[in-house]
file structure-v1.pdb (PDB, C-alpha atoms)
MODEL        1
ATOM      1  CA  MET N 609      52.514  42.601  -3.917
ATOM      2  CA  ILE N 610      51.488  39.020  -4.702
ATOM      3  CA  ARG N 611      50.129  38.537  -8.224
ATOM      4  CA  LEU N 612      47.177  36.171  -8.326
ATOM      5  CA  THR N 613      47.452  34.150 -11.536
ATOM      6  CA  GLY N 614      47.001  30.487 -12.337
ATOM      7  CA  LEU N 615      44.679  29.850  -9.406
ATOM      8  CA  PRO N 616      42.295  26.898  -9.321
ATOM      9  CA  PRO N 617      38.699  28.025  -9.921
ATOM     10  CA  PRO N 618      36.546  28.587  -6.810
ATOM     11  CA  SER N 619      34.044  26.068  -8.215
ATOM     12  CA  ARG N 620      36.655  23.280  -7.845
ATOM     13  CA  CYS N 621      38.578  24.553  -4.815
ATOM     14  CA  PRO N 622      36.241  26.851  -2.892
ATOM     15  CA  ASP N 623      38.268  26.880   0.344
ATOM     16  CA  VAL N 624      41.637  28.527   0.758
ATOM     17  CA  ALA N 625      43.834  28.771   3.841
ATOM     18  CA  VAL N 626      46.631  31.324   4.053
ATOM     19  CA  VAL N 627      49.533  30.633   6.428
ATOM     20  CA  ARG N 628      52.299  33.175   7.083
ATOM     21  CA  GLY N 629      55.464  31.481   8.279
ATOM     22  CA  GLU N 630      58.945  32.719   9.073
ATOM     23  CA  GLU N 631      60.198  32.377   5.503
ATOM     24  CA  ARG N 632      57.092  32.238   3.281
ATOM     25  CA  ILE N 633      53.370  32.630   2.835
ATOM     26  CA  VAL N 634      51.677  29.311   2.059
ATOM     27  CA  ILE N 635      48.367  29.310   0.178
ATOM     28  CA  ILE N 636      46.394  26.050   0.258
ATOM     29  CA  PHE N 637      43.364  25.732  -2.011
ATOM     30  CA  SER N 638      41.080  22.771  -1.315
ATOM     31  CA  GLY N 639      37.939  21.193  -2.655
ATOM     32  CA  PRO N 640      36.131  17.874  -2.568
ATOM     33  CA  ASP N 641      38.658  16.044  -4.733
ATOM     34  CA  ARG N 642      41.854  18.090  -4.767
ATOM     35  CA  GLU N 643      44.313  20.289  -2.925
ATOM     36  CA  VAL N 644      46.661  22.829  -4.492
ATOM     37  CA  ARG N 645      49.503  24.420  -2.535
ATOM     38  CA  MET N 646      51.413  27.546  -3.492
ATOM     39  CA  ASP N 647      54.388  28.973  -1.600
ATOM     40  CA  VAL N 648      55.515  32.592  -1.831
ATOM     41  CA  GLU N 649      58.864  33.278  -0.208
ATOM     42  CA  HIS N 650      59.068  36.540   1.719
ATOM     43  CA  ARG N 651      62.173  37.547  -0.250
ATOM     44  CA  LEU N 652      59.969  37.743  -3.363
ATOM     45  CA  LEU N 653      57.808  40.424  -1.710
ATOM     46  CA  GLY N 654      60.573  43.017  -1.929
ATOM     47  CA  ASP N 655      60.114  45.707   0.712
ATOM     48  CA  ALA N 656      56.475  44.766   1.385
ATOM     49  CA  ASP N 657      55.487  43.746   4.906
ATOM     50  CA  PRO N 658      54.619  40.007   4.932
ATOM     51  CA  GLU N 659      51.724  40.460   7.382
ATOM     52  CA  ALA N 660      50.208  43.264   5.305
ATOM     53  CA  GLU N 661      50.558  41.104   2.173
ATOM     54  CA  GLU N 662      48.889  38.182   3.957
ATOM     55  CA  LEU N 663      45.898  40.344   4.925
ATOM     56  CA  ARG N 664      45.680  41.868   1.431
ATOM     57  CA  LEU N 665      45.785  38.366  -0.051
ATOM     58  CA  LEU N 666      42.977  37.130   2.223
ATOM     59  CA  ALA N 667      40.775  40.069   1.247
ATOM     60  CA  ARG N 668      41.443  39.636  -2.473
ATOM     61  CA  LEU N 669      40.779  35.887  -2.412
ATOM     62  CA  GLY N 670      37.466  36.553  -0.656
ATOM     63  CA  GLU N 671      36.537  39.093  -3.340
ATOM     64  CA  MET N 672      37.319  36.450  -5.959
ATOM     65  CA  GLY N 673      34.743  34.057  -4.476
ATOM     66  CA  TYR N 674      36.884  31.810  -2.282
ATOM     67  CA  ARG N 675      36.118  31.031   1.377
ATOM     68  CA  ALA N 676      39.415  32.400   2.657
ATOM     69  CA  THR N 677      40.711  31.769   6.174
ATOM     70  CA  ARG N 678      43.848  32.734   8.008
ATOM     71  CA  ALA N 679      45.546  29.671   9.457
ATOM     72  CA  PRO N 680      48.246  29.706  12.139
ATOM     73  CA  ASP N 681      51.787  28.766  11.224
ATOM     74  CA  PRO N 682      52.174  25.124  12.330
ATOM     75  CA  GLY N 683      55.839  25.826  13.131
ATOM     76  CA  ALA N 684      55.049  28.713  15.500
ATOM     77  CA  ASP N 685      55.183  28.282  19.247
ATOM     78  CA  ALA N 686      51.747  28.318  20.827
TER      79      ALA N 686
ENDMDL
END

call {"tool": "encode", "arguments": {"input": "structure-v1.pdb", "output": "structure tokens"}}
result
Amino acid sequence: MIRLTGLPPPSRCPDVAVVRGEERIVIIFSGPDREVRMDVEHRLLGDADPEAEELRLLARLGEMGYRATRAPDPGADA
């Protein structure tokens, strides 16, 4: 489970994109004047399924007031 602490406030960074890659989940918060990136390596999730954690994270961020979107992994083959 990913613990959500130290996040930028939705009033400053209302948009968040979540990207699940091969090795990590990347969380990118953005607003009019800033961008904050957080990386969570899959190894830190223990036995949790990375896709399930990504979906849980998207739902929780939405509940917290962010406009959360799932973004494709830029390193994935299209």

call {"tool": "resolve_selection", "arguments": {"input": "structure-v1.pdb", "expression": "the PyMOL selection byres ((chain N and resi 669-674) around 7)", "output": "PDB file with C-alpha atoms, in the coordinates of the input"}}
result
ATOM      1  CA  PRO N 618      36.546  28.587  -6.810  1.00  0.00           C
ATOM      2  CA  PRO N 622      36.241  26.851  -2.892  1.00  0.00           C
ATOM      3  CA  ASP N 623      38.268  26.880   0.344  1.00  0.00           C
ATOM      4  CA  VAL N 624      41.637  28.527   0.758  1.00  0.00           C
ATOM      5  CA  LEU N 665      45.785  38.366  -0.051  1.00  0.00           C
ATOM      6  CA  LEU N 666      42.977  37.130   2.223  1.00  0.00           C
ATOM      7  CA  ALA N 667      40.775  40.069   1.247  1.00  0.00           C
ATOM      8  CA  ARG N 668      41.443  39.636  -2.473  1.00  0.00           C
ATOM      9  CA  ARG N 675      36.118  31.031   1.377  1.00  0.00           C
ATOM     10  CA  ALA N 676      39.415  32.400   2.657  1.00  0.00           C
TER      11      ALA N 676
END

call {"tool": "closest_residue", "arguments": {"input": "structure-v1.pdb", "among": "N:Val627, N:Ile610, N:Ala679, N:Ser619", "to": "Gly654 in chain N", "atoms": "only C-alpha atoms"}}
result
N:Ile610

call {"tool": "resolve_selection", "arguments": {"input": "structure-v1.pdb", "expression": "the PyMOL selection byres ((chain N and resi 658) around 12)", "output": "compact mmCIF listing (two decimals) with C-alpha atoms, keeping the file's coordinate frame"}}
result
# COMPACT_ATOMS: atom_id res chain seq x y z
CA MET N 609 52.51 42.60 -3.92
CA ILE N 610 51.49 39.02 -4.70
CA VAL N 626 46.63 31.32 4.05
CA VAL N 627 49.53 30.63 6.43
CA ARG N 628 52.30 33.17 7.08
CA GLY N 629 55.46 31.48 8.28
CA GLU N 630 58.94 32.72 9.07
CA GLU N 631 60.20 32.38 5.50
CA ARG N 632 57.09 32.24 3.28
CA ILE N 633 53.37 32.63 2.84
CA VAL N 634 51.68 29.31 2.06
CA VAL N 648 55.52 32.59 -1.83
CA GLU N 649 58.86 33.28 -0.21
CA HIS N 650 59.07 36.54 1.72
CA ARG N 651 62.17 37.55 -0.25
CA LEU N 652 59.97 37.74 -3.36
CA LEU N 653 57.81 40.42 -1.71
CA GLY N 654 60.57 43.02 -1.93
CA ASP N 655 60.11 45.71 0.71
CA ALA N 656 56.48 44.77 1.38
CA ASP N 657 55.49 43.75 4.91
CA GLU N 659 51.72 40.46 7.38
CA ALA N 660 50.21 43.26 5.30
CA GLU N 661 50.56 41.10 2.17
CA GLU N 662 48.89 38.18 3.96
CA LEU N 663 45.90 40.34 4.92
CA ARG N 664 45.68 41.87 1.43
CA LEU N 665 45.78 38.37 -0.05

call {"tool": "resolve_selection", "arguments": {"input": "structure-v1.pdb", "expression": "the PyMOL selection byres ((chain N and resi 616) around 10)", "output": "VMD selection string"}}
result
chain N and resid 613 to 615 617 to 622 637 to 639 642 to 644

call {"tool": "axis_aligned_box", "arguments": {"input": "structure-v1.pdb", "around": "range 609-620 of chain N", "padding_each_side": "8 Å", "output": "AutoDock Vina command-line options"}}
result
--center_x 43.3 --center_y 32.9 --center_z -8.1 --size_x 34.5 --size_y 35.3 --size_z 24.4
